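**Student:** Just so it is clear, I am handing over data_39.tsv, which has TSV, C-alpha atoms and all ligand atoms.
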```tsv
chain	number	residue	atom	x	y	z
A	25	MET	CA	30.56	-27.42	-32.15
A	26	ASN	CA	29.49	-26.32	-35.61
A	27	ALA	CA	28.82	-28.99	-38.19
A	28	ASP	CA	30.65	-28.93	-41.49
A	29	PRO	CA	29.28	-25.80	-43.16
A	30	GLU	CA	29.21	-27.58	-46.51
A	31	SER	CA	26.71	-30.10	-45.18
A	32	LEU	CA	24.13	-27.45	-44.38
A	33	SER	CA	21.36	-27.04	-46.88
A	34	ARG	CA	21.49	-23.27	-46.58
A	35	LYS	CA	24.62	-23.39	-48.70
A	36	ASP	CA	22.62	-24.83	-51.57
A	37	PRO	CA	21.90	-22.00	-53.99
A	38	THR	CA	19.07	-23.88	-55.72
A	39	LEU	CA	17.16	-24.30	-52.49
A	40	LYS	CA	17.65	-20.67	-51.71
A	41	LYS	CA	16.14	-19.65	-54.97
A	42	SER	CA	13.20	-22.01	-55.02
A	43	LEU	CA	11.97	-22.07	-51.40
A	44	LEU	CA	12.97	-18.84	-49.79
A	45	PRO	CA	12.58	-15.18	-50.50
A	46	ASP	CA	15.71	-13.32	-51.52
A	47	ASN	CA	18.28	-12.71	-48.76
A	48	ALA	CA	16.30	-14.95	-46.31
A	49	TRP	CA	19.49	-16.70	-45.18
A	50	ASP	CA	21.15	-13.40	-44.48
A	51	THR	CA	18.43	-12.22	-42.10
A	52	THR	CA	17.65	-15.62	-40.56
A	53	PRO	CA	20.89	-17.22	-39.49
A	54	VAL	CA	19.18	-20.15	-37.83
A	55	SER	CA	22.53	-21.71	-37.01
A	56	ILE	CA	22.29	-19.70	-33.81
A	57	LEU	CA	20.05	-22.58	-32.63
A	58	GLU	CA	23.20	-24.71	-32.40
A	59	ASN	CA	24.35	-22.65	-29.44
A	60	LEU	CA	21.09	-22.71	-27.50
A	61	CYS	CA	19.48	-25.23	-25.17
A	62	GLN	CA	16.10	-26.75	-26.00
A	63	ARG	CA	14.33	-24.56	-23.50
A	64	CYS	CA	15.73	-21.32	-24.97
A	65	ILE	CA	14.86	-22.55	-28.47
A	66	GLY	CA	11.33	-23.29	-27.27
A	67	ARG	CA	11.07	-19.80	-25.78
A	68	ALA	CA	12.24	-18.20	-29.00
A	69	TYR	CA	9.39	-19.80	-30.95
A	70	TYR	CA	6.78	-19.13	-28.26
A	71	GLY	CA	3.53	-18.15	-29.94
A	72	ILE	CA	4.77	-19.23	-33.37
A	73	ILE	CA	4.91	-23.01	-33.13
A	74	GLN	CA	1.80	-24.31	-31.44
A	75	ILE	CA	3.27	-26.79	-29.01
A	76	GLU	CA	2.49	-26.30	-25.34
A	77	GLY	CA	5.46	-25.72	-23.01
A	78	ASN	CA	8.83	-24.17	-23.85
A	79	ALA	CA	10.78	-27.36	-23.17
A	80	THR	CA	8.53	-29.58	-25.28
A	81	ARG	CA	8.41	-27.05	-28.11
A	82	GLY	CA	12.18	-26.66	-27.96
A	83	ARG	CA	12.68	-30.42	-28.07
A	84	ALA	CA	10.57	-30.72	-31.22
A	85	ILE	CA	12.33	-27.83	-32.99
A	86	THR	CA	15.78	-29.10	-32.01
A	87	PHE	CA	14.92	-32.57	-33.26
A	88	ALA	CA	13.75	-31.21	-36.60
A	89	TYR	CA	16.68	-28.83	-36.96
A	90	ASP	CA	19.28	-31.48	-36.21
A	91	ILE	CA	17.75	-33.95	-38.67
A	92	ILE	CA	17.45	-31.40	-41.47
A	93	THR	CA	20.89	-29.89	-41.03
A	94	GLY	CA	22.71	-33.02	-39.87
A	95	PHE	CA	23.97	-31.12	-36.85
A	96	GLU	CA	25.31	-33.33	-34.07
A	97	ARG	CA	24.20	-31.79	-30.84
A	98	GLN	CA	26.11	-32.66	-27.70
A	99	ALA	CA	23.86	-33.11	-24.68
A	100	TRP	CA	26.48	-31.71	-22.33
A	101	GLU	CA	27.08	-28.44	-24.21
A	102	GLU	CA	26.18	-25.42	-22.11
A	103	CYS	CA	23.61	-23.03	-23.49
A	104	GLN	CA	25.31	-19.86	-24.65
A	105	LEU	CA	22.30	-17.77	-23.72
A	106	CYS	CA	20.94	-18.94	-20.36
A	107	HIS	CA	23.90	-21.02	-19.11
A	108	GLY	CA	21.41	-23.33	-17.40
A	109	LEU	CA	19.84	-20.54	-15.37
A	110	LEU	CA	16.42	-22.19	-15.39
A	111	ASP	CA	17.84	-25.15	-13.44
A	112	ASP	CA	18.29	-22.75	-10.52
A	113	VAL	CA	14.54	-22.65	-9.89
A	114	TYR	CA	14.79	-25.82	-7.76
A	115	ARG	CA	17.46	-24.33	-5.53
A	116	TYR	CA	15.50	-21.06	-5.17
A	117	CYS	CA	12.31	-22.98	-4.45
A	118	ASP	CA	14.02	-24.79	-1.54
A	119	LYS	CA	15.42	-21.55	-0.16
A	120	ILE	CA	12.10	-19.66	-0.40
A	121	ALA	CA	10.15	-22.53	1.20
A	122	GLN	CA	12.63	-22.43	4.08
A	123	ASP	CA	12.51	-18.61	4.42
A	124	LEU	CA	8.71	-18.51	4.47
A	125	LYS	CA	8.07	-21.48	6.70
A	126	ASP	CA	6.90	-19.29	9.60
A	127	THR	CA	4.98	-16.78	7.47
A	128	GLU	CA	1.22	-16.96	7.05
A	129	PHE	CA	0.04	-16.17	3.55
A	130	SER	CA	-2.25	-17.56	0.89
A	131	THR	CA	-1.16	-15.76	-2.29
A	132	PHE	CA	2.23	-14.84	-3.72
A	133	LEU	CA	3.94	-13.62	-6.86
A	134	VAL	CA	7.48	-14.19	-8.13
A	135	GLY	CA	9.54	-11.51	-9.84
A	136	SER	CA	13.21	-11.50	-10.79
A	137	ILE	CA	16.09	-9.21	-11.60
A	138	MET	CA	18.66	-10.41	-14.14
A	139	GLU	CA	21.93	-9.14	-15.56
A	140	ARG	CA	21.40	-6.46	-18.16
A	141	SER	CA	23.84	-8.26	-20.46
A	142	LEU	CA	21.69	-11.41	-20.41
A	143	ILE	CA	18.57	-9.45	-21.38
A	144	GLU	CA	20.48	-7.75	-24.19
A	145	LEU	CA	21.90	-11.03	-25.47
A	146	GLU	CA	18.42	-12.50	-25.51
A	147	GLU	CA	17.08	-9.51	-27.44
A	148	HIS	CA	19.88	-10.01	-29.94
A	149	VAL	CA	19.09	-13.73	-30.35
A	150	PHE	CA	15.36	-13.12	-30.85
A	151	GLU	CA	16.09	-10.33	-33.31
A	152	THR	CA	18.44	-12.56	-35.26
A	153	LEU	CA	15.76	-15.24	-35.47
A	154	SER	CA	13.08	-12.61	-36.27
A	155	VAL	CA	10.90	-13.75	-33.38
A	156	THR	CA	9.46	-11.97	-30.36
A	157	GLY	CA	9.72	-15.07	-28.18
A	158	GLU	CA	9.07	-15.23	-24.47
A	159	SER	CA	11.63	-13.57	-22.22
A	160	ILE	CA	13.76	-15.69	-19.95
A	161	LYS	CA	12.55	-13.55	-17.07
A	162	LYS	CA	8.94	-14.42	-17.68
A	163	ASP	CA	9.84	-18.09	-18.09
A	164	PHE	CA	11.88	-18.10	-14.88
A	165	ASN	CA	9.16	-16.33	-12.88
A	166	ARG	CA	6.47	-18.67	-14.12
A	167	GLU	CA	8.48	-21.86	-13.56
A	168	LEU	CA	9.52	-20.85	-10.06
A	169	GLY	CA	5.95	-19.76	-9.35
A	170	LYS	CA	4.59	-23.12	-10.49
A	171	LEU	CA	7.14	-25.01	-8.44
A	172	LEU	CA	6.45	-22.95	-5.31
A	173	SER	CA	2.71	-23.25	-5.72
A	174	GLU	CA	3.00	-27.05	-5.77
A	175	ARG	CA	5.45	-27.17	-2.89
A	176	LEU	CA	3.66	-24.71	-0.58
A	177	GLY	CA	0.06	-25.21	-1.60
A	178	LYS	CA	-0.35	-21.43	-2.12
A	179	GLU	CA	-1.78	-19.58	-5.05
A	180	VAL	CA	-0.02	-17.26	-7.50
A	181	SER	CA	-1.82	-13.91	-7.64
A	182	PHE	CA	-1.00	-10.95	-9.86
A	183	ASP	CA	-3.39	-8.72	-7.97
A	184	ASP	CA	-2.00	-7.55	-4.64
A	185	PRO	CA	-0.44	-10.83	-3.44
A	186	ASP	CA	0.26	-11.45	0.27
A	187	VAL	CA	3.94	-12.01	-0.50
A	188	MET	CA	5.93	-10.53	-3.35
A	189	ILE	CA	9.10	-12.57	-3.89
A	190	THR	CA	11.87	-10.97	-5.92
A	191	VAL	CA	14.83	-13.12	-6.88
A	192	ASP	CA	17.88	-11.02	-7.70
A	193	LEU	CA	19.92	-13.37	-9.86
A	194	ARG	CA	22.76	-10.88	-10.12
A	195	TYR	CA	23.63	-11.24	-6.46
A	196	ASP	CA	21.89	-14.54	-5.71
A	197	GLN	CA	19.56	-12.79	-3.26
A	198	ILE	CA	15.87	-13.13	-2.49
A	199	ASN	CA	13.79	-10.21	-1.25
A	200	TYR	CA	10.35	-10.56	0.32
A	201	ARG	CA	7.70	-7.89	0.56
A	202	LEU	CA	4.82	-8.88	2.78
A	203	ARG	CA	1.61	-7.02	2.02
A	204	PRO	CA	0.65	-4.98	5.08
A	205	VAL	CA	-2.36	-5.96	7.15
A	206	TYR	CA	-4.96	-3.16	7.35
A	207	ILE	CA	-7.49	-3.07	10.14
A	208	TYR	CA	-10.37	-0.67	10.23
A	209	GLY	CA	-11.96	0.47	13.48
A	210	THR	CA	-13.18	3.44	15.49
A	211	TYR	CA	-11.33	4.83	18.48
A	212	MET	CA	-12.26	6.89	21.47
A	213	LYS	CA	-9.62	8.89	23.30
A	214	LEU	CA	-10.73	8.99	26.91
A	215	GLU	CA	-7.98	11.18	28.36
A	216	ARG	CA	-6.50	14.53	27.40
A	217	GLY	CA	-2.83	15.00	26.62
A	218	ILE	CA	-2.51	12.15	24.13
A	219	PRO	CA	-1.29	13.02	20.61
A	220	GLN	CA	-2.83	11.10	17.74
A	221	THR	CA	0.44	10.06	16.11
A	222	ARG	CA	4.02	9.51	17.19
A	223	TRP	CA	5.42	12.24	14.99
A	224	ILE	CA	3.63	15.40	16.05
A	225	HIS	CA	5.05	15.73	19.53
A	226	ARG	CA	8.49	14.21	19.50
A	227	ASP	CA	9.15	15.54	22.96
A	228	HIS	CA	5.95	14.00	24.30
A	229	SER	CA	6.84	11.37	26.87
A	230	GLY	CA	3.50	9.54	26.97
A	231	LYS	CA	2.11	7.27	24.32
A	232	SER	CA	0.14	8.36	21.29
A	233	VAL	CA	-3.14	6.91	20.05
A	234	GLU	CA	-1.06	5.39	17.26
A	235	GLU	CA	1.14	3.51	19.72
A	236	LEU	CA	-1.70	2.51	22.05
A	237	ILE	CA	-3.44	0.82	19.11
A	238	GLY	CA	-0.43	-0.04	16.95
A	239	GLU	CA	1.82	-1.78	19.45
A	240	PRO	CA	-0.64	-4.54	20.44
A	241	ALA	CA	-1.68	-4.85	16.77
A	242	MET	CA	1.92	-5.18	15.59
A	243	GLU	CA	2.50	-7.89	18.17
A	244	ALA	CA	-0.67	-9.77	17.23
A	245	PHE	CA	0.37	-9.89	13.57
A	246	SER	CA	4.14	-10.26	14.16
A	247	GLY	CA	4.81	-7.13	12.14
A	248	THR	CA	7.81	-4.81	12.10
A	249	ASN	CA	6.11	-1.39	12.28
A	250	PHE	CA	2.69	0.28	12.22
A	251	TYR	CA	0.98	3.45	11.00
A	252	LEU	CA	-2.28	5.00	12.11
A	253	HIS	CA	-4.43	6.60	9.41
A	254	GLY	CA	-7.18	8.65	11.03
A	255	SER	CA	-10.28	10.22	9.56
A	256	GLY	CA	-9.06	13.65	10.64
A	257	ARG	CA	-7.45	14.29	14.01
A	258	GLU	CA	-8.18	15.92	17.32
A	259	ASP	CA	-5.74	18.11	19.22
A	260	VAL	CA	-3.61	16.65	22.00
A	261	ASP	CA	-5.78	18.27	24.68
A	262	VAL	CA	-9.09	17.27	23.10
A	263	ARG	CA	-10.86	14.02	24.02
A	264	MET	CA	-12.52	11.91	21.35
A	265	LEU	CA	-15.77	10.54	22.77
A	266	GLY	CA	-19.18	9.46	21.46
A	267	ASN	CA	-19.14	7.05	18.55
A	268	GLY	CA	-15.40	7.48	18.07
A	269	ARG	CA	-13.21	8.39	15.13
A	270	GLU	CA	-12.64	6.06	12.18
A	271	PHE	CA	-9.11	4.83	11.62
A	272	VAL	CA	-7.09	2.23	9.78
A	273	ILE	CA	-4.07	0.74	11.47
A	274	GLU	CA	-1.51	-0.54	8.97
A	275	ILE	CA	0.87	-3.28	10.11
A	276	GLU	CA	4.06	-3.54	8.13
A	277	SER	CA	5.65	-6.88	7.14
A	278	PRO	CA	3.22	-9.10	9.07
A	279	ARG	CA	4.34	-12.69	9.54
A	280	SER	CA	0.83	-13.54	10.66
A	281	ARG	CA	-2.43	-12.57	8.93
A	282	ASN	CA	-5.10	-14.30	10.92
A	283	ALA	CA	-5.00	-12.85	14.42
A	284	GLU	CA	-8.29	-12.79	16.30
A	285	LEU	CA	-9.60	-9.21	16.14
A	286	LYS	CA	-11.94	-9.56	19.14
A	287	ALA	CA	-8.95	-10.54	21.27
A	288	LEU	CA	-6.92	-7.64	19.88
A	289	GLU	CA	-9.77	-5.25	20.68
A	290	SER	CA	-9.81	-6.46	24.30
A	291	ARG	CA	-6.04	-6.12	24.57
A	292	ILE	CA	-6.07	-2.53	23.31
A	293	ASN	CA	-9.01	-1.65	25.55
A	294	VAL	CA	-7.12	-2.71	28.68
A	295	SER	CA	-5.65	0.79	28.50
A	296	SER	CA	-7.90	3.41	30.07
A	297	MET	CA	-6.61	5.97	27.58
A	298	VAL	CA	-8.09	4.69	24.32
A	299	GLU	CA	-10.89	2.34	23.42
A	300	VAL	CA	-11.42	0.77	20.01
A	301	HIS	CA	-14.50	-0.83	18.47
A	302	ASP	CA	-15.73	-2.53	15.31
A	303	LEU	CA	-12.30	-3.84	14.28
A	304	LYS	CA	-12.37	-5.53	10.90
A	305	PHE	CA	-9.94	-6.34	8.11
A	306	CYS	CA	-9.89	-3.90	5.22
A	307	ASP	CA	-7.62	-2.92	2.33
A	308	HIS	CA	-5.57	0.20	1.62
A	309	VAL	CA	-8.44	1.77	-0.35
A	310	THR	CA	-10.27	2.26	2.95
A	311	ILE	CA	-7.52	4.66	4.06
A	312	GLU	CA	-8.31	7.10	1.27
A	313	LYS	CA	-12.01	6.67	1.91
A	314	ILE	CA	-11.88	7.59	5.59
A	315	LYS	CA	-9.28	10.31	5.06
A	316	SER	CA	-11.35	12.13	2.48
A	317	ALA	CA	-14.67	11.74	4.32
A	318	LYS	CA	-16.27	15.08	5.09
A	319	ASN	CA	-18.17	14.28	8.26
A	320	LEU	CA	-19.95	16.73	10.52
A	321	LYS	CA	-18.50	16.75	14.02
A	322	THR	CA	-20.17	17.67	17.26
A	323	TYR	CA	-18.10	19.28	20.00
A	324	ARG	CA	-18.78	20.01	23.63
A	325	SER	CA	-16.81	22.84	25.17
A	326	ARG	CA	-16.47	24.30	28.61
A	327	ILE	CA	-15.79	28.01	28.16
A	328	SER	CA	-15.17	30.92	30.46
A	329	SER	CA	-15.50	34.68	30.47
A	330	ARG	CA	-13.90	37.42	32.62
A	331	ASP	CA	-17.31	38.32	34.03
A	332	PRO	CA	-20.31	36.19	34.97
A	333	ILE	CA	-21.88	34.76	31.82
A	334	ASN	CA	-24.89	36.62	30.48
A	335	GLU	CA	-26.98	33.57	29.64
A	336	ALA	CA	-29.45	35.28	27.28
A	337	LYS	CA	-26.66	37.01	25.39
A	338	LEU	CA	-24.64	33.81	25.00
A	339	TYR	CA	-27.78	31.96	23.86
A	340	ASP	CA	-28.43	34.66	21.22
A	341	SER	CA	-24.79	34.66	20.08
A	342	LEU	CA	-24.88	30.88	19.52
A	343	ARG	CA	-28.12	31.25	17.59
A	344	LEU	CA	-26.57	33.98	15.39
A	345	LEU	CA	-23.51	31.88	14.67
A	346	THR	CA	-25.55	28.88	13.50
A	347	GLY	CA	-25.92	28.63	9.74
A	348	LYS	CA	-23.41	31.43	9.08
A	349	ILE	CA	-20.39	31.01	6.86
A	350	ILE	CA	-17.30	31.31	9.04
A	351	TYR	CA	-14.05	32.59	7.54
A	352	GLN	CA	-11.01	31.15	9.26
A	353	ARG	CA	-7.45	32.14	8.56
A	354	THR	CA	-4.97	29.43	9.53
A	355	PRO	CA	-4.75	29.73	13.34
A	356	LEU	CA	-1.65	31.26	14.85
A	357	ARG	CA	-0.99	28.09	16.90
A	358	VAL	CA	-0.52	25.99	13.74
A	359	ALA	CA	0.69	28.74	11.38
A	360	SER	CA	4.29	27.53	11.61
A	361	ARG	CA	3.48	24.14	10.03
A	362	ARG	CA	0.58	24.97	7.73
A	363	SER	CA	0.28	27.52	4.96
A	364	ASP	CA	-1.75	30.63	5.65
A	365	LEU	CA	-5.10	30.10	3.95
A	366	ILE	CA	-8.68	31.15	4.54
A	367	ARG	CA	-11.16	28.33	5.15
A	368	GLN	CA	-14.89	28.67	4.86
A	369	ARG	CA	-16.92	26.48	7.18
A	370	THR	CA	-20.46	26.41	8.49
A	371	VAL	CA	-21.80	25.79	11.99
A	372	LYS	CA	-24.82	23.51	11.59
A	373	HIS	CA	-26.18	23.38	15.14
A	374	SER	CA	-25.32	24.87	18.48
A	375	SER	CA	-26.80	24.77	21.95
A	376	LEU	CA	-26.17	26.21	25.35
A	377	MET	CA	-26.07	23.32	27.80
A	378	SER	CA	-25.44	25.05	31.15
A	379	VAL	CA	-24.21	28.23	32.74
A	380	ASN	CA	-22.40	28.40	36.05
A	381	GLY	CA	-21.01	31.79	37.05
A	382	ARG	CA	-18.20	32.74	34.70
A	383	GLU	CA	-18.34	29.35	32.97
A	384	ALA	CA	-20.69	27.75	30.46
A	385	VAL	CA	-20.93	24.48	28.56
A	386	ILE	CA	-21.87	24.70	24.89
A	387	GLU	CA	-22.26	22.18	22.07
A	388	MET	CA	-21.68	22.88	18.42
A	389	THR	CA	-21.92	20.80	15.28
A	390	ALA	CA	-19.69	22.01	12.46
A	391	GLU	CA	-18.30	20.90	9.14
A	392	SER	CA	-15.14	18.83	9.16
A	393	GLY	CA	-12.03	20.98	9.29
A	394	THR	CA	-13.53	23.77	11.39
A	395	TYR	CA	-11.09	25.20	13.94
A	396	ILE	CA	-13.41	25.09	16.96
A	397	LYS	CA	-11.13	26.78	19.51
A	398	GLU	CA	-10.72	29.73	17.14
A	399	LEU	CA	-14.42	29.75	16.34
A	400	ILE	CA	-14.99	30.44	20.03
A	401	SER	CA	-12.03	32.76	20.76
A	402	GLY	CA	-11.84	34.57	17.41
A	403	ASP	CA	-8.05	34.08	17.25
A	404	SER	CA	-7.32	37.84	17.32
A	405	GLY	CA	-9.74	38.51	14.47
A	406	ARG	CA	-8.42	35.72	12.23
A	407	THR	CA	-11.75	33.85	12.54
A	408	GLU	CA	-14.81	35.84	11.58
A	409	PRO	CA	-17.43	35.85	12.88
A	410	SER	CA	-16.59	34.19	16.18
A	411	LEU	CA	-18.58	33.47	19.31
A	412	SER	CA	-16.50	35.99	21.29
A	413	GLU	CA	-17.19	38.69	18.69
A	414	LEU	CA	-20.93	38.07	18.70
A	415	TYR	CA	-21.01	37.83	22.49
A	416	GLY	CA	-19.07	41.09	22.69
A	417	SER	CA	-16.51	39.90	25.21
A	418	PRO	CA	-13.58	37.42	25.03
A	419	LEU	CA	-14.51	33.79	25.64
A	420	THR	CA	-11.83	31.22	26.44
A	421	VAL	CA	-11.96	27.48	25.83
A	422	LEU	CA	-11.21	25.58	29.04
A	423	GLU	CA	-11.96	22.11	27.73
A	424	LEU	CA	-12.99	20.66	24.41
A	425	ASP	CA	-14.26	17.21	23.46
A	426	VAL	CA	-15.45	15.70	20.22
A	427	ILE	CA	-18.69	14.02	21.27
A	428	GLY	CA	-19.90	12.71	17.96
A	429	ILE	CA	-18.95	12.25	14.32
A	430	GLN	CA	-21.81	12.01	11.89
A	431	ARG	CA	-20.79	9.46	9.32
A	432	GLY	CA	-22.38	8.83	5.97
A	433	ASP	CA	-23.30	5.25	6.80
A	434	GLU	CA	-24.98	6.08	10.10
B	1	ZN	ZN	19.25	-21.86	-22.61
```
Please lay out the structure from this file as structure tokens.

**Tutor:**
Amino acid sequence: MNADPESLSRKDPTLKKSLLPDNAWDTTPVSILENLCQRCIGRAYYGIIQIEGNATRGRAITFAYDIITGFERQAWEECQLCHGLLDDVYRYCDKIAQDLKDTEFSTFLVGSIMERSLIELEEHVFETLSVTGESIKKDFNRELGKLLSERLGKEVSFDDPDVMITVDLRYDQINYRLRPVYIYGTYMKLERGIPQTRWIHRDHSGKSVEELIGEPAMEAFSGTNFYLHGSGREDVDVRMLGNGREFVIEIESPRSRNAELKALESRINVSSMVEVHDLKFCDHVTIEKIKSAKNLKTYRSRISSRDPINEAKLYDSLRLLTGKIIYQRTPLRVASRRSDLIRQRTVKHSSLMSVNGREAVIEMTAESGTYIKELISGDSGRTEPSLSELYGSPLTVLELDVIGIQRGDE
């Protein structure tokens, strides 16, 4: 396919001397353009020759090159670099449109994976021509993106798109990553014996808060899985009452994005075990926000003693505990899964609600992360001071509820 070498002007020593710096022909073997398609030629001179569009730029350069050198280009010759790879965008566009026909989304982004050898060959070509060019990958992604945008009426977005489409040209495969749907809300746990997440109690036969919220949510958004992110957690045997605990439910690979949240709320609340409120769409940043929130929590506890409760003494003990710094070693009951540390927390308020024989009901407001059961029992001296210690006799927690979480925005 090469023209007669003698006909090329680069063989003219006079021209070499007068127009070009020394050894220019040696470092710029432009004859490589004879093996490339117009589009690849256009890409090579991207940013150098100010003509919009790789194909148009390539056409102009090819035209000029062929006239100057007398090279006879055959229209049917295959490009030695891309081998017509860019023509595949139409086929991929059809396939993607078909694959996503039942998926709700408004933004997308195209990426691609290509043979290493192709990338290396391209680098070699650009280096030979002393250009930086535009990579075939970028060209392919943009062209397919443009085509899809026109076909589907959706927008290309580089910032957290609803659908990330990756075309693997090595294996002729297309992978889709659907951005999860995140829903913020608050939940109340109305019954004891419900773990917050699926993972803590594998042997637990009943449903977790995560499943009670996540299953209807996953169905509403046609997802494949779900994760509950809570702003802290309560123990299995502790109810979560009052204004509820903040959470984000994450729905993986949602085919739908526009489910009615009021309807979802009603569906979840059919269960008498949990109740959710204030559902609204949010993003993943909200997860970090609610997880790191340091909110005061108010607890109500029914406690008991071996002997009839001495009301005045219990009242005084609660008063003494309030405002004190409490040192808590990791409780024995969780020591197997958490490292042994000493926490410092403060009790902000406490009150004695009622006394009935050997039982009493107390309320305490403490900093987030306080081990309340241990604050009452003392956990064999691992929490100091404790209510039992101040009262001078062991106190046992019969029931515990979170009755309020003081949030920054309330
Ligand atoms: Zn090409």

**Student:** Once 3 Å is added on each side, what centre and edge lengths in Å to one decimal does the axis-aligned box around all listed atoms of region 184-198 of chain A have, as AutoDock Vina command-line options?

**Tutor:**
```
--center_x 10.8 --center_y -11.0 --center_z -4.9 --size_x 31.6 --size_y 13.0 --size_z 16.4
```

**Student:** What does the distance between CA of Asp403 (chain A) and CA of Leu265 (chain A) come to in Å, to one decimal place?

**Tutor:** 25.4 Å

**Student:** Produce as a PyMOL selection string the set of residues near ligand ZN 1 (chain B), where near means within 6 Å with all atoms listed in the file considered.

**Tutor:** chain A and resi 60-61+63-64+103+105-108

**Student:** Figure out the distance between CA of Asn165 (chain A) and CA of Asn199 (chain A), please, to one decimal in Å.

**Tutor:** 13.9 Å

**Student:** Could you check the closest approach to Thr407 (chain A) for each of A:Gly230, A:Gly266, A:Pro332, A:Pro355 and tell me which residue wins, using all atoms listed in the file?

**Tutor:** A:Pro355

**Student:** From the set A:Gln104, A:Gly71, A:Ile198, A:Ser141, which residue has the shortest atom-to-atom contact distance to Gln122 (chain A), counting only C-alpha atoms?

**Tutor:**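 Of the candidates, the smallest distance to Gln122 (chain A) is held by A:Ile198.
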
**Student:** As a ChimeraX atom specification, please: the residues near Arg97 (chain A) (cut-off 12 Å, all atoms listed in the file, same-chain neighbours under 6 positions excluded).

**Tutor:** /A:25-27,55,57-62,83,86-91,103

**Student:** Check the smallest atom-to-atom distance from each of A:Ala283, A:Ala84, A:Met377, A:Ile333 to Pro418 (chain A) using only C-alpha atoms, then report the winner.

**Tutor:** A:Ile333

**Student:** Nearest to Tyr200 (chain A): which of A:Thr156, A:Lys213, A:Tyr251, A:Ser277 is it, counting all atoms listed in the file?

**Tutor:**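 So, comparing all the options, the nearest one is A:Ser277.
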
**Student:** What separation in Å, quoted to one decimal, exists between CA of Met388 (chain A) and CA of Leu236 (chain A)?

**Tutor:** 28.8 Å

**Student:** So, counting only C-alpha atoms, which residue among A:Pro204, A:Gly254, A:Pro53, A:Pro185 is closest to Val149 (chain A)?

**Tutor:**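 Residue with the minimum atom-to-atom distance to Val149 (chain A): A:Pro53.
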
**Student:** Scan for residues within 10 Å of the point (-24.9, 18.4, 21.1) in the coordinates of the file, using only C-alpha atoms, and reply as a PyMOL selection string.

**Tutor:** chain A and resi 321-324+373-377+386-389+426-428

**Student:** Take the residues that were just selected and, keeping C-alpha atoms, output them as a PDB file, keeping the file's coordinate frame.

**Tutor:**
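Result file is result.pdb:
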```
ATOM      1  CA  LYS A 321     -18.500  16.750  14.020  1.00  0.00           C
ATOM      2  CA  THR A 322     -20.170  17.670  17.260  1.00  0.00           C
ATOM      3  CA  TYR A 323     -18.100  19.280  20.000  1.00  0.00           C
ATOM      4  CA  ARG A 324     -18.780  20.010  23.630  1.00  0.00           C
ATOM      5  CA  HIS A 373     -26.180  23.380  15.140  1.00  0.00           C
ATOM      6  CA  SER A 374     -25.320  24.870  18.480  1.00  0.00           C
ATOM      7  CA  SER A 375     -26.800  24.770  21.950  1.00  0.00           C
ATOM      8  CA  LEU A 376     -26.170  26.210  25.350  1.00  0.00           C
ATOM      9  CA  MET A 377     -26.070  23.320  27.800  1.00  0.00           C
ATOM     10  CA  ILE A 386     -21.870  24.700  24.890  1.00  0.00           C
ATOM     11  CA  GLU A 387     -22.260  22.180  22.070  1.00  0.00           C
ATOM     12  CA  MET A 388     -21.680  22.880  18.420  1.00  0.00           C
ATOM     13  CA  THR A 389     -21.920  20.800  15.280  1.00  0.00           C
ATOM     14  CA  VAL A 426     -15.450  15.700  20.220  1.00  0.00           C
ATOM     15  CA  ILE A 427     -18.690  14.020  21.270  1.00  0.00           C
ATOM     16  CA  GLY A 428     -19.900  12.710  17.960  1.00  0.00           C
TER      17      GLY A 428
END
```

**Student:** Residues near Ser329 (chain A), anyone? I mean within 9 Å using only C-alpha atoms, not counting same-chain ones fewer than 4 positions away, as an mmCIF file with C-alpha atoms, in the frame of the given file.

**Tutor:**
```cif
data_model
loop_
_atom_site.group_PDB
_atom_site.id
_atom_site.type_symbol
_atom_site.label_atom_id
_atom_site.label_comp_id
_atom_site.auth_asym_id
_atom_site.auth_seq_id
_atom_site.Cartn_x
_atom_site.Cartn_y
_atom_site.Cartn_z
ATOM 1 C CA ILE A 333 -21.880 34.760 31.820
ATOM 2 C CA ARG A 382 -18.200 32.740 34.700
ATOM 3 C CA GLU A 383 -18.340 29.350 32.970
ATOM 4 C CA ALA A 384 -20.690 27.750 30.460
ATOM 5 C CA SER A 417 -16.510 39.900 25.210
ATOM 6 C CA PRO A 418 -13.580 37.420 25.030
ATOM 7 C CA LEU A 419 -14.510 33.790 25.640
ATOM 8 C CA THR A 420 -11.830 31.220 26.440
#
```

**Student:** In terms of the shortest atom-to-atom distance over only C-alpha atoms, which of A:Met297, A:Ala68, A:Leu168, A:Cys306 is closest to Val113 (chain A)?

**Tutor:**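 Result for the nearest residue to Val113 (chain A): A:Leu168.
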